[in-house]
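Asker: Just so it is clear, I am handing over run02.pdb, which has PDB, C-alpha atoms.
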```pdb
ATOM      1  CA  MET A  18     120.836-131.976 151.859
ATOM      2  CA  ARG A  19     118.046-131.189 154.295
ATOM      3  CA  LYS A  20     116.558-128.628 151.918
ATOM      4  CA  THR A  21     116.360-131.319 149.241
ATOM      5  CA  ILE A  22     114.486-133.627 151.592
ATOM      6  CA  TRP A  23     112.032-130.851 152.484
ATOM      7  CA  PHE A  24     111.603-130.046 148.774
ATOM      8  CA  ALA A  25     110.874-133.722 148.032
ATOM      9  CA  GLY A  26     108.417-133.748 150.933
ATOM     10  CA  GLY A  27     106.577-130.825 149.353
ATOM     11  CA  ILE A  28     106.426-132.675 146.039
ATOM     12  CA  ALA A  29     105.113-135.830 147.720
ATOM     13  CA  MET A  30     102.510-133.847 149.661
ATOM     14  CA  SER A  31     101.337-132.201 146.426
ATOM     15  CA  ILE A  32     101.066-135.433 144.454
ATOM     16  CA  LEU A  33      99.166-137.160 147.230
ATOM     17  CA  TYR A  34      96.866-134.170 147.687
ATOM     18  CA  VAL A  35      96.003-133.601 144.006
ATOM     19  CA  LEU A  36      95.394-137.276 143.287
ATOM     20  CA  LEU A  37      93.308-137.725 146.463
ATOM     21  CA  VAL A  38      91.178-134.692 145.622
ATOM     22  CA  GLY A  39      90.756-136.026 142.077
ATOM     23  CA  TYR A  40      89.737-139.473 143.290
ATOM     24  CA  LEU A  41      87.260-138.102 145.825
ATOM     25  CA  THR A  42      85.834-135.660 143.257
ATOM     26  CA  LEU A  43      85.164-138.537 140.880
ATOM     27  CA  GLN A  44      83.437-140.386 143.713
ATOM     28  CA  VAL A  45      81.209-137.360 144.387
ATOM     29  CA  ILE A  46      80.323-137.080 140.682
ATOM     30  CA  GLY A  47      79.522-140.780 140.537
ATOM     31  CA  LEU A  48      77.390-140.738 143.664
ATOM     32  CA  ALA A  49      75.432-137.747 142.374
ATOM     33  CA  ALA A  50      74.480-139.897 139.379
ATOM     34  CA  GLY A  51      73.838-143.000 141.493
ATOM     35  CA  ALA A  52      77.036-144.771 140.519
ATOM     36  CA  VAL A  53      79.677-146.255 142.776
ATOM     37  CA  LEU A  54      83.082-146.068 141.109
ATOM     38  CA  GLY A  55      86.017-148.318 141.942
ATOM     39  CA  LEU A  56      89.689-147.353 142.155
ATOM     40  CA  ASP A  57      89.924-147.737 138.383
ATOM     41  CA  ASN A  58      87.069-145.215 137.983
ATOM     42  CA  GLN A  59      84.808-147.870 136.497
ATOM     43  CA  LEU A  60      81.253-148.563 137.609
ATOM     44  CA  THR A  61      81.176-151.183 140.352
ATOM     45  CA  ALA A  62      77.636-150.746 141.710
ATOM     46  CA  VAL A  63      74.467-148.723 141.348
ATOM     47  CA  THR A  64      73.073-146.867 144.349
ATOM     48  CA  THR A  65      70.571-144.209 145.243
ATOM     49  CA  PRO A  66      71.902-140.817 144.078
ATOM     50  CA  GLY A  67      73.293-138.733 146.892
ATOM     51  CA  PRO A  68      75.553-135.784 147.622
ATOM     52  CA  GLY A  69      78.643-137.768 148.694
ATOM     53  CA  LEU A  70      79.027-135.941 151.980
ATOM     54  CA  LEU A  71      81.716-138.301 153.257
ATOM     55  CA  GLN A  72      83.845-137.679 150.168
ATOM     56  CA  LEU A  73      83.310-133.921 150.381
ATOM     57  CA  GLY A  74      84.381-134.102 154.018
ATOM     58  CA  GLY A  75      87.474-136.011 152.897
ATOM     59  CA  ILE A  76      88.362-133.245 150.439
ATOM     60  CA  ALA A  77      87.936-130.648 153.194
ATOM     61  CA  ALA A  78      90.057-132.698 155.611
ATOM     62  CA  ALA A  79      92.810-133.204 153.023
ATOM     63  CA  SER A  80      92.827-129.475 152.286
ATOM     64  CA  ALA A  81      93.013-128.648 155.981
ATOM     65  CA  GLY A  82      95.878-131.118 156.359
ATOM     66  CA  VAL A  83      97.822-129.508 153.531
ATOM     67  CA  LEU A  84      97.196-126.038 154.918
ATOM     68  CA  LEU A  85      98.400-127.137 158.357
ATOM     69  CA  GLY A  86     101.414-128.819 156.783
ATOM     70  CA  LEU A  87     102.391-125.661 154.918
ATOM     71  CA  THR A  88     101.879-123.325 157.870
ATOM     72  CA  TRP A  89     101.429-124.407 161.475
ATOM     73  CA  ALA A  90     103.260-127.765 161.418
ATOM     74  CA  THR A  91     106.425-126.194 160.005
ATOM     75  CA  ARG A  92     106.475-123.095 162.187
ATOM     76  CA  ARG A  93     109.492-124.267 164.175
ATOM     77  CA  ALA A  94     111.446-125.470 161.143
ATOM     78  CA  ASP A  95     114.392-123.577 159.772
ATOM     79  CA  PRO A  96     113.151-120.846 157.375
ATOM     80  CA  ALA A  97     115.149-122.343 154.482
ATOM     81  CA  ASN A  98     113.588-125.786 155.033
ATOM     82  CA  ARG A  99     110.127-124.280 155.334
ATOM     83  CA  PHE A 100     110.678-122.396 152.064
ATOM     84  CA  SER A 101     111.871-125.612 150.375
ATOM     85  CA  LEU A 102     108.742-127.507 151.442
ATOM     86  CA  ARG A 103     106.459-124.754 150.174
ATOM     87  CA  LEU A 104     108.425-124.406 146.941
ATOM     88  CA  GLY A 105     108.273-128.156 146.301
ATOM     89  CA  PHE A 106     104.523-128.149 146.897
ATOM     90  CA  ALA A 107     103.986-125.143 144.616
ATOM     91  CA  VAL A 108     106.164-126.513 141.798
ATOM     92  CA  ALA A 109     104.590-129.976 141.855
ATOM     93  CA  THR A 110     101.048-128.609 142.097
ATOM     94  CA  THR A 111     101.670-126.247 139.191
ATOM     95  CA  ALA A 112     103.047-129.122 137.114
ATOM     96  CA  GLN A 113     100.006-131.269 137.892
ATOM     97  CA  VAL A 114      97.558-128.467 137.057
ATOM     98  CA  VAL A 115      99.329-127.825 133.750
ATOM     99  CA  ALA A 116      99.370-131.570 133.000
ATOM    100  CA  ALA A 117      95.644-131.839 133.786
ATOM    101  CA  PHE A 118      94.814-129.007 131.422
ATOM    102  CA  ALA A 119      97.073-130.483 128.728
ATOM    103  CA  VAL A 120      95.435-133.903 129.013
ATOM    104  CA  LEU A 121      91.960-132.396 128.960
ATOM    105  CA  SER A 122      92.708-130.233 125.934
ATOM    106  CA  GLN A 123      93.860-133.312 123.982
ATOM    107  CA  ARG A 124      91.200-135.722 125.187
ATOM    108  CA  PHE A 125      88.135-133.646 125.989
ATOM    109  CA  GLU A 126      84.806-135.284 125.317
ATOM    110  CA  VAL A 127      81.377-135.177 126.835
ATOM    111  CA  LEU A 128      81.118-137.769 129.603
ATOM    112  CA  ASN A 129      79.739-140.895 128.001
ATOM    113  CA  LEU A 130      77.928-143.271 130.321
ATOM    114  CA  ASP A 131      79.352-146.225 128.394
ATOM    115  CA  THR A 132      82.994-145.233 128.878
ATOM    116  CA  GLY A 133      82.925-143.180 132.091
ATOM    117  CA  PRO A 134      85.799-141.013 133.273
ATOM    118  CA  ALA A 135      89.420-141.613 132.354
ATOM    119  CA  PRO A 136      90.863-144.666 134.113
ATOM    120  CA  TRP A 137      93.076-144.684 137.176
ATOM    121  CA  VAL A 138      95.600-141.894 137.705
ATOM    122  CA  GLU A 139      94.673-140.047 134.502
ATOM    123  CA  GLY A 140      91.141-139.550 135.790
ATOM    124  CA  TRP A 141      92.341-138.563 139.255
ATOM    125  CA  LEU A 142      94.857-136.116 137.774
ATOM    126  CA  THR A 143      92.386-134.449 135.417
ATOM    127  CA  ARG A 144      89.762-134.028 138.149
ATOM    128  CA  GLY A 145      92.253-133.038 140.851
ATOM    129  CA  GLY A 146      94.197-130.681 138.605
ATOM    130  CA  THR A 147      91.027-128.850 137.601
ATOM    131  CA  ALA A 148      89.523-128.680 141.097
ATOM    132  CA  SER A 149      89.188-125.158 142.441
ATOM    133  CA  VAL A 150      90.306-126.228 145.924
ATOM    134  CA  VAL A 151      93.639-127.357 144.452
ATOM    135  CA  HIS A 152      94.014-124.000 142.702
ATOM    136  CA  LEU A 153      93.297-122.243 145.989
ATOM    137  CA  MET A 154      95.957-124.292 147.807
ATOM    138  CA  LEU A 155      98.407-123.420 145.025
ATOM    139  CA  ILE A 156      97.684-119.717 145.502
ATOM    140  CA  VAL A 157      98.151-120.093 149.274
ATOM    141  CA  ALA A 158     101.459-121.946 148.793
ATOM    142  CA  VAL A 159     102.771-119.284 146.404
ATOM    143  CA  GLY A 160     101.646-116.562 148.809
ATOM    144  CA  LEU A 161     103.463-118.283 151.656
ATOM    145  CA  LEU A 162     106.658-118.262 149.598
ATOM    146  CA  PHE A 163     106.680-114.485 149.771
ATOM    147  CA  THR A 164     105.826-114.048 153.432
ATOM    148  CA  ARG A 165     108.404-113.729 156.159
ATOM    149  CA  ARG A 166     107.525-114.434 159.743
ATOM    150  CA  GLU A 167     109.576-115.481 162.660
ATOM    151  CA  PRO A 168     108.510-118.819 164.097
ATOM    152  CA  THR A 169     106.687-118.828 167.412
ATOM    153  CA  GLY A 170     109.002-118.648 170.388
ATOM    154  CA  VAL A 171     111.856-116.856 168.617
ATOM    155  CA  LYS A 172     112.776-113.579 170.212
ATOM    156  CA  PRO A 173     113.016-110.621 167.869
ATOM    157  CA  THR A 174     116.473-109.297 167.123
ATOM    158  CA  SER A 175     115.530-105.664 167.584
ATOM    159  CA  VAL A 176     116.432-103.896 170.806
ATOM    160  CA  LYS A 177     113.620-103.058 173.184
ATOM    161  CA  PRO A 178     113.503 -99.569 174.598
ATOM    162  CA  PRO A 179     114.264 -99.491 178.309
ATOM    163  CA  SER A 180     111.232 -99.605 180.518
ATOM    164  CA  ILE A 181     110.502 -96.516 182.495
ATOM    165  CA  ALA A 182     110.170 -97.262 186.163
ATOM    166  CA  ARG A 183     107.760 -95.319 188.273
ATOM    167  CA  PRO A 184     109.519 -92.839 190.492
ATOM    168  CA  ALA A 185     109.820 -93.881 194.099
ATOM    169  CA  LYS A 186     107.629 -92.096 196.582
ATOM    170  CA  HIS A 187     109.608 -89.852 198.825
ATOM    171  CA  GLU A 188     108.111 -89.213 202.180
ATOM    172  CA  PRO A 189     109.709 -87.009 204.721
ATOM    173  CA  ALA A 190     111.833 -88.928 207.135
ATOM    174  CA  GLU A 191     110.603 -89.153 210.667
ATOM    175  CA  GLU A 192     112.570 -87.086 213.059
ATOM    176  CA  ARG A 193     114.234 -88.955 215.844
ATOM    177  CA  ARG A 194     114.592 -87.193 219.091
ATOM    178  CA  PRO A 195     117.245 -88.242 221.544
TER     179      PRO A 195
END
```
Produce C-alpha coordinates that represent the structure in this file.

Answerer:
Amino acid sequence: MRKTIWFAGGIAMSILYVLLVGYLTLQVIGLAAGAVLGLDNQLTAVTTPGPGLLQLGGIAAASAGVLLGLTWATRRADPANRFSLRLGFAVATTAQVVAAFAVLSQRFEVLNLDTGPAPWVEGWLTRGGTASVVHLMLIVAVGLLFTRREPTGVKPTSVKPPSIARPAKHEPAEERRP
(Lines of atoms letter the chains of each structure in order from A and count residues from 1; the text may use other names and numbers.)
(Lines give C-alpha, C1' and ligand atoms only; values in the text may rest on other atoms or scores of the structure.)
Protein backbone atom coordinates (compact mmCIF):
# COMPACT_ATOMS: atom_id res chain seq x y z
CA MET A 1 0.00 0.00 0.00
CA ARG A 2 2.76 2.43 0.89
CA LYS A 3 4.57 1.73 -2.37
CA THR A 4 1.41 2.69 -4.26
CA ILE A 5 1.21 5.99 -2.40
CA TRP A 6 4.87 6.73 -3.19
CA PHE A 7 4.27 5.79 -6.84
CA ALA A 8 1.28 8.15 -6.99
CA GLY A 9 3.41 10.85 -5.38
CA GLY A 10 5.97 10.43 -8.15
CA ILE A 11 3.23 10.76 -10.76
CA ALA A 12 1.85 13.89 -9.10
CA MET A 13 5.32 15.42 -8.83
CA SER A 14 5.91 14.75 -12.54
CA ILE A 15 2.61 16.22 -13.71
CA LEU A 16 3.07 19.33 -11.61
CA TYR A 17 6.67 19.73 -12.77
CA VAL A 18 6.07 19.27 -16.52
CA LEU A 19 3.03 21.54 -16.60
CA LEU A 20 4.77 24.23 -14.50
CA VAL A 21 7.83 24.16 -16.75
CA GLY A 22 5.54 24.38 -19.79
CA TYR A 23 3.61 27.32 -18.37
CA LEU A 24 6.76 29.21 -17.39
CA THR A 25 8.37 28.48 -20.78
CA LEU A 26 5.37 29.99 -22.54
CA GLN A 27 5.68 33.04 -20.30
CA VAL A 28 9.36 33.41 -21.24
CA ILE A 29 8.53 33.12 -24.95
CA GLY A 30 5.77 35.70 -24.60
CA LEU A 31 7.91 38.15 -22.67
CA ALA A 32 10.69 37.86 -25.24
CA ALA A 33 8.17 39.07 -27.82
CA GLY A 34 6.71 41.73 -25.52
CA ALA A 35 3.54 39.83 -24.73
CA VAL A 36 2.08 38.99 -21.35
CA LEU A 37 0.16 35.72 -21.52
CA GLY A 38 -2.60 34.72 -19.13
CA LEU A 39 -3.27 31.26 -17.69
CA ASP A 40 -5.15 30.39 -20.87
CA ASN A 41 -2.03 31.29 -22.91
CA GLN A 42 -3.83 34.19 -24.56
CA LEU A 43 -2.48 37.71 -24.83
CA THR A 44 -3.53 39.81 -21.85
CA ALA A 45 -1.16 42.78 -22.14
CA VAL A 46 1.70 44.21 -24.16
CA THR A 47 4.97 45.07 -22.44
CA THR A 48 8.55 45.91 -23.21
CA PRO A 49 10.32 42.76 -24.46
CA GLY A 50 12.53 41.18 -21.85
CA PRO A 51 14.28 37.95 -20.94
CA GLY A 52 11.77 36.73 -18.33
CA LEU A 53 14.38 36.23 -15.64
CA LEU A 54 11.81 35.58 -12.92
CA GLN A 55 10.23 32.79 -14.97
CA LEU A 56 13.62 31.29 -15.81
CA GLY A 57 14.43 31.36 -12.10
CA GLY A 58 11.13 29.59 -11.45
CA ILE A 59 12.07 26.82 -13.89
CA ALA A 60 15.45 26.44 -12.17
CA ALA A 61 13.81 26.37 -8.73
CA ALA A 62 11.23 23.78 -9.83
CA SER A 63 14.00 21.62 -11.29
CA ALA A 64 16.03 21.90 -8.10
CA GLY A 65 12.95 20.96 -6.09
CA VAL A 66 12.35 17.86 -8.19
CA LEU A 67 16.00 16.86 -7.95
CA LEU A 68 15.92 17.26 -4.17
CA GLY A 69 12.67 15.33 -4.01
CA LEU A 70 14.12 12.42 -5.97
CA THR A 71 17.40 12.30 -4.05
CA TRP A 72 18.10 14.08 -0.78
CA ALA A 73 14.55 14.35 0.63
CA THR A 74 13.96 10.61 0.28
CA ARG A 75 17.33 9.44 1.57
CA ARG A 76 15.87 8.06 4.80
CA ALA A 77 12.88 6.40 3.13
CA ASP A 78 12.67 2.67 2.67
CA PRO A 79 14.50 1.68 -0.55
CA ALA A 80 11.31 0.16 -2.01
CA ASN A 81 9.36 3.38 -1.39
CA ARG A 82 12.16 5.48 -2.83
CA PHE A 83 12.21 3.27 -5.93
CA SER A 84 8.42 3.60 -6.27
CA LEU A 85 8.59 7.40 -6.15
CA ARG A 86 11.32 7.51 -8.78
CA LEU A 87 9.53 4.96 -10.96
CA GLY A 88 6.27 6.92 -10.78
CA PHE A 89 8.08 10.12 -11.74
CA ALA A 90 9.89 8.43 -14.64
CA VAL A 91 6.76 6.72 -15.99
CA ALA A 92 4.60 9.85 -15.81
CA THR A 93 7.31 12.07 -17.30
CA THR A 94 7.86 9.63 -20.15
CA ALA A 95 4.11 9.54 -20.83
CA GLN A 96 3.93 13.34 -20.88
CA VAL A 97 6.94 13.66 -23.21
CA VAL A 98 5.44 11.10 -25.59
CA ALA A 99 2.06 12.87 -25.43
CA ALA A 100 3.71 16.23 -26.15
CA PHE A 101 5.47 14.86 -29.21
CA ALA A 102 2.26 13.17 -30.39
CA VAL A 103 0.26 16.38 -30.04
CA LEU A 104 2.93 18.40 -31.80
CA SER A 105 3.22 15.94 -34.67
CA GLN A 106 -0.54 16.17 -35.28
CA ARG A 107 -0.94 19.89 -34.74
CA PHE A 108 2.37 21.49 -35.70
CA GLU A 109 2.16 24.91 -37.26
CA VAL A 110 4.28 28.01 -37.29
CA LEU A 111 3.34 30.24 -34.37
CA ASN A 112 0.73 32.64 -35.66
CA LEU A 113 0.44 35.92 -33.80
CA ASP A 114 -3.33 35.87 -34.31
CA THR A 115 -3.86 32.48 -32.65
CA GLY A 116 -0.90 32.21 -30.26
CA PRO A 117 0.13 29.00 -28.53
CA ALA A 118 -2.24 26.14 -27.78
CA PRO A 119 -4.68 27.00 -24.98
CA TRP A 120 -4.43 25.92 -21.36
CA VAL A 121 -3.00 22.51 -20.49
CA GLU A 122 -2.34 21.54 -24.12
CA GLY A 123 0.05 24.46 -24.48
CA TRP A 124 1.70 23.77 -21.13
CA LEU A 125 2.08 20.07 -21.98
CA THR A 126 3.57 20.65 -25.43
CA ARG A 127 6.08 23.21 -24.12
CA GLY A 128 6.89 21.29 -20.94
CA GLY A 129 7.14 17.93 -22.68
CA THR A 130 9.58 19.31 -25.23
CA ALA A 131 11.71 21.27 -22.75
CA SER A 132 15.26 20.00 -22.45
CA VAL A 133 15.26 20.47 -18.67
CA VAL A 134 12.36 18.00 -18.41
CA HIS A 135 14.28 15.51 -20.55
CA LEU A 136 17.30 15.94 -18.29
CA MET A 137 15.20 15.28 -15.17
CA LEU A 138 13.81 12.16 -16.86
CA ILE A 139 17.33 10.91 -17.53
CA VAL A 140 18.29 11.61 -13.90
CA ALA A 141 15.19 9.78 -12.61
CA VAL A 142 15.90 6.74 -14.80
CA GLY A 143 19.54 6.78 -13.69
CA LEU A 144 18.46 6.88 -10.06
CA LEU A 145 16.34 3.78 -10.63
CA PHE A 146 19.50 1.80 -11.28
CA THR A 147 21.63 3.13 -8.45
CA ARG A 148 21.86 1.50 -5.07
CA ARG A 149 23.04 3.43 -2.07
CA GLU A 150 22.45 2.99 1.57
CA PRO A 151 20.72 5.97 3.16
CA THR A 152 22.76 8.23 5.39
CA GLY A 153 23.09 6.95 8.92
CA VAL A 154 22.67 3.26 8.09
CA LYS A 155 25.59 1.15 9.17
CA PRO A 156 27.01 -1.16 6.53
CA THR A 157 26.35 -4.86 6.95
CA SER A 158 29.91 -5.90 6.20
CA VAL A 159 32.23 -6.82 9.05
CA LYS A 160 35.02 -4.41 9.87
CA PRO A 161 38.48 -5.83 10.32
CA PRO A 162 39.66 -5.62 13.92
CA SER A 163 41.70 -2.57 14.71
CA ILE A 164 45.30 -3.14 15.51
CA ALA A 165 46.25 -1.61 18.81
CA ARG A 166 49.68 -0.18 19.31
CA PRO A 167 51.83 -2.41 21.45
CA ALA A 168 52.25 -1.25 25.01
CA LYS A 169 55.59 0.17 25.97
CA HIS A 170 57.47 -2.11 28.27
CA GLU A 171 59.92 -0.43 30.52
CA PRO A 172 62.04 -2.31 32.95
CA ALA A 173 60.51 -2.46 36.36
CA GLU A 174 62.21 -0.51 39.07
CA GLU A 175 64.01 -2.64 41.53
CA ARG A 176 62.85 -2.36 45.08
CA ARG A 177 65.40 -2.82 47.74
CA PRO A 178 64.38 -3.86 51.21

Asker: Expand the PyMOL selection byres ((chain A and resi 99) around 12) into the individual residues it matches in the shown file, reporting them as a PyMOL selection string.

Answerer: chain A and resi 19-27+86-98+100-106+158+161-168

Asker: May I have the residues within 8 Å of region 145-148 of chain A as a VMD selection string, using all atoms listed in the file and disregarding those fewer than 2 positions away in the same chain?

Answerer: chain A and resid 35 to 40 42 110 113 to 118 141 to 143 150 to 152

Asker: Within 7 Å of region 44-51 of chain A, counting only C-alpha atoms, which residues show up once you throw out same-chain ones fewer than 2 positions away? Write them as a PyMOL selection string, please.

Answerer: chain A and resi 40-42+53-54+63-69+72

Asker: Using only C-alpha atoms, which of the listed residues (A:Met18, A:Thr61, A:Gly55, A:Leu43) sits closest to Leu73 (chain A)?

Answerer: A:Leu43

Asker: May I ask for the distance between CA of Ala112 (chain A) and CA of Leu60 (chain A), given in Å to one decimal place?

Answerer: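 Here the two named atoms are 29.2 Å from each other.
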
Asker: So what do you get for CA of Asn58 (chain A) versus CA of Pro136 (chain A), distance-wise?

Answerer: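 One can read the CA of Asn58 (chain A) to CA of Pro136 (chain A) distance as 5.4 Å.
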
Asker: In Å, rounded to a single decimal, give me how far CA of Gly160 (chain A) is from CA of Glu139 (chain A).

Answerer: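 Straight-line distance from CA of Glu139 (chain A) to CA of Gly160 (chain A) works out to 28.4 Å.
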